[in-house]
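The next block holds one structure in the form of structure tokens; read it before the comments.
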Protein chains: 2
Amino acid sequence: MIGRLNHVAIAVPDLEAATALYRDTLGAVVTAPTAQPDHGVTVVFIELPNTKIELLEPLGENSPIAAFLERNASGGIHHVCYEVDDILAARDRLKASGARVLGSGEPRIGAHGKPVLFLHPKDFNGTLVELEEA
Amino acid sequence: MIGRLNHVAIAVPDLEAATALYRDTLGAVVTAPTAQPDHGVTVVFIELPNTKIELLEPLGENSPIAAFLERNASGGIHHVCYEVDDILAARDRLKASGARVLGSGEPRIGAHGKPVLFLHPKDFNGTLVELEEA
């Protein structure tokens with residue numbers, strides 16, 4: 001069911017500093033920051049040859065990563081995102097297996113303009129899993 | 001400098017259950033478990049089209065992931081591994097920039113039989129980074 005690893009998301013307290021670290025210290029290709037007010041984050045993509053890293057900084061009130069950064073002040077790996085061909089079929093299969101889908105259970109349009117769902121980390125070895133329809 | 005994302009490593013308390021979760025619930029291709037006593041882990045690879053997930057279970061005394069699992073009883077994302085062409089050049093560049101290399105600073109032979117180094121998570125936004133010579 002799951003396909004490519006679309007991205008690994010890392011929450012960071014200071015996006016400019018984190019971008020400089022990946023660009024200058026690790027020598028990676030980085031994009032310009034993009035504010036995504038609908039998702040409560042500003043994002044920089046680290047473009048690797050086979051996948052990407054998303055650096056996420058909180059934006060505005062009620063950012064979904066604010067609580068994570070309160071617990072992890074210097075940042076940390078926030079989630080992994082796997083691609084699926086059919087997100088509704090994936091959701092139904094997961095729910096039938098007992099896995100919990102976060103929120104309403106209906107896909108939302110994610111940061112890449114495609115339908116996404118998040119799965120409960122307690123059902124996946126402490127890992128927050130995002131599924132994105134490819 | 002950094003190239004492909006070689007893998008994302010997830011520490012798990014029960015490798016058999018975690019493997020079943022990725023195989024049956026997420027429908028991924030999984031390998032048989034491999035004991036790596038030199039590294040204090042038993043490993044299952046989740047083979048995705050563009051990279052892999054490594055599920056790590058502690059093996060023996062003094063496993064390097066034992067303390068992590070004490071803090072994260074249900075498991076969690078342990079590290080990410082980026083490929084580099086020349087690990088000694090990468091190390092020297094990183095040290096010159098002030099980043100801390102864990103251990104002696106000399107590359108060890110990692111779980112894939114290639115030279116690896118680990119970088120201090122406090123220098124990389126709370127993310128434990130492994131570098132592997134490709």
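In the structure tokens, chains take the letters A, B, ... in the order shown, each chain's residues start at 1, and ligands count up from 1 in the order shown.
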Contact residues (chain B, partner chain A, 10 Å, only C-alpha atoms) as a PyMOL selection string: chain B and resi 1-8+10-14+17-18+21-29+47-53+55+72-80+82+84+90+93-99+121-128
Rotate and translate chain A onto chain B via least squares on all in-order Cα pairs, then write the result as a short mmCIF file (atom, residue, chain, number, x, y, z; two decimals) with C-alpha atoms, in the first residue's frame.
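See selection10.cif below for the written result:
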data_model
loop_
_atom_site.label_atom_id
_atom_site.label_comp_id
_atom_site.auth_asym_id
_atom_site.auth_seq_id
_atom_site.Cartn_x
_atom_site.Cartn_y
_atom_site.Cartn_z
CA MET A 1 27.67 17.54 0.38
CA ILE A 2 24.85 15.30 1.58
CA GLY A 3 23.28 13.12 -1.08
CA ARG A 4 20.48 10.58 -0.90
CA LEU A 5 18.49 9.89 2.24
CA ASN A 6 19.78 6.38 2.84
CA HIS A 7 17.24 5.52 5.55
CA VAL A 8 15.09 6.64 8.42
CA ALA A 9 15.64 4.51 11.53
CA ILE A 10 12.76 3.82 13.91
CA ALA A 11 13.49 2.21 17.28
CA VAL A 12 10.79 -0.26 18.31
CA PRO A 13 10.26 -2.30 21.47
CA ASP A 14 8.85 -5.35 19.61
CA LEU A 15 10.34 -5.97 16.19
CA GLU A 16 7.95 -8.74 15.25
CA ALA A 17 4.91 -6.60 15.97
CA ALA A 18 6.40 -3.58 14.19
CA THR A 19 7.26 -5.68 11.14
CA ALA A 20 3.71 -7.03 10.99
CA LEU A 21 2.39 -3.47 11.20
CA TYR A 22 4.44 -2.31 8.22
CA ARG A 23 3.81 -5.50 6.25
CA ASP A 24 0.14 -6.12 6.96
CA THR A 25 -1.34 -2.76 7.94
CA LEU A 26 0.77 -0.49 5.73
CA GLY A 27 1.27 -3.09 2.99
CA ALA A 28 5.01 -2.56 2.59
CA VAL A 29 7.78 -4.95 1.54
CA VAL A 30 9.76 -6.04 4.59
CA THR A 31 12.93 -8.12 4.94
CA ALA A 32 13.65 -10.92 7.37
CA PRO A 33 15.14 -9.72 10.69
CA THR A 34 18.94 -9.59 10.83
CA ALA A 35 20.79 -9.71 14.14
CA GLN A 36 23.71 -7.28 14.21
CA PRO A 37 25.42 -8.06 17.51
CA ASP A 38 28.29 -5.69 16.75
CA HIS A 39 25.77 -2.85 16.62
CA GLY A 40 23.53 -4.03 19.46
CA VAL A 41 20.41 -4.19 17.30
CA THR A 42 18.25 -6.54 15.29
CA VAL A 43 17.14 -4.88 12.06
CA VAL A 44 14.25 -5.22 9.63
CA PHE A 45 14.29 -3.11 6.48
CA ILE A 46 11.09 -1.67 5.06
CA GLU A 47 11.88 -1.37 1.36
CA LEU A 48 10.21 1.65 -0.18
CA PRO A 49 10.64 2.56 -3.86
CA ASN A 50 13.02 5.45 -3.13
CA THR A 51 14.59 4.72 0.26
CA LYS A 52 14.14 2.48 3.25
CA ILE A 53 12.97 2.50 6.82
CA GLU A 54 15.06 0.59 9.33
CA LEU A 55 13.20 -0.89 12.27
CA LEU A 56 15.64 -1.36 15.15
CA GLU A 57 15.13 -3.56 18.21
CA PRO A 58 17.70 -3.67 21.01
CA LEU A 59 19.99 -6.73 21.00
CA GLY A 60 22.13 -7.75 23.97
CA GLU A 61 23.55 -5.61 26.73
CA ASN A 62 24.48 -1.98 26.10
CA SER A 63 22.38 -1.59 22.98
CA PRO A 64 22.81 1.96 21.66
CA ILE A 65 19.02 2.31 21.43
CA ALA A 66 18.18 1.02 24.93
CA ALA A 67 18.18 4.46 26.55
CA PHE A 68 16.07 5.88 23.74
CA LEU A 69 13.44 3.17 24.29
CA GLU A 70 13.48 3.82 28.02
CA ARG A 71 12.47 7.41 27.24
CA ASN A 72 10.10 6.41 24.42
CA ALA A 73 8.51 3.15 25.49
CA SER A 74 6.41 2.66 22.37
CA GLY A 75 9.31 3.56 20.08
CA GLY A 76 10.06 6.52 17.87
CA ILE A 77 12.12 7.90 15.03
CA HIS A 78 15.73 7.46 16.14
CA HIS A 79 17.84 8.96 13.36
CA VAL A 80 18.11 9.84 9.68
CA CYS A 81 21.02 8.75 7.50
CA TYR A 82 22.35 10.80 4.62
CA GLU A 83 24.85 9.49 2.08
CA VAL A 84 28.11 11.31 1.42
CA ASP A 85 30.78 10.60 -1.19
CA ASP A 86 33.77 11.01 1.11
CA ILE A 87 33.17 10.56 4.80
CA LEU A 88 36.52 11.94 5.94
CA ALA A 89 36.07 15.09 3.88
CA ALA A 90 32.54 15.41 5.26
CA ARG A 91 33.78 14.98 8.81
CA ASP A 92 36.49 17.58 8.41
CA ARG A 93 34.06 20.08 6.89
CA LEU A 94 31.59 19.51 9.71
CA LYS A 95 34.20 19.81 12.44
CA ALA A 96 35.51 23.02 10.88
CA SER A 97 31.96 24.41 11.07
CA GLY A 98 31.76 23.56 14.77
CA ALA A 99 29.48 20.53 14.52
CA ARG A 100 30.23 17.73 16.94
CA VAL A 101 30.96 14.23 15.68
CA LEU A 102 30.00 11.55 18.22
CA GLY A 103 32.47 9.03 19.62
CA SER A 104 36.13 9.09 18.63
CA GLY A 105 35.48 11.05 15.45
CA GLU A 106 36.82 8.17 13.37
CA PRO A 107 34.32 6.46 11.05
CA ARG A 108 33.11 3.04 12.11
CA ILE A 109 31.87 0.30 9.83
CA GLY A 110 28.10 0.61 10.01
CA ALA A 111 25.21 -1.78 9.66
CA HIS A 112 25.57 -1.82 5.85
CA GLY A 113 29.31 -2.56 5.88
CA LYS A 114 30.23 1.02 4.98
CA PRO A 115 31.95 3.76 6.99
CA VAL A 116 29.57 5.83 9.10
CA LEU A 117 29.65 8.72 11.55
CA PHE A 118 26.99 10.15 13.83
CA LEU A 119 26.54 13.86 14.46
CA HIS A 120 25.39 15.38 17.73
CA PRO A 121 21.61 15.97 17.72
CA LYS A 122 22.01 19.24 19.62
CA ASP A 123 23.85 20.64 16.59
CA PHE A 124 21.11 19.53 14.15
CA ASN A 125 17.77 20.69 15.55
CA GLY A 126 17.34 17.73 17.84
CA THR A 127 17.91 15.25 15.03
CA LEU A 128 20.47 12.48 15.32
CA VAL A 129 22.17 12.45 11.90
CA GLU A 130 24.14 9.50 10.53
CA LEU A 131 26.42 9.99 7.54
CA GLU A 132 27.26 6.95 5.45
CA GLU A 133 29.86 6.83 2.70
CA ALA A 134 27.91 5.80 -0.40
#
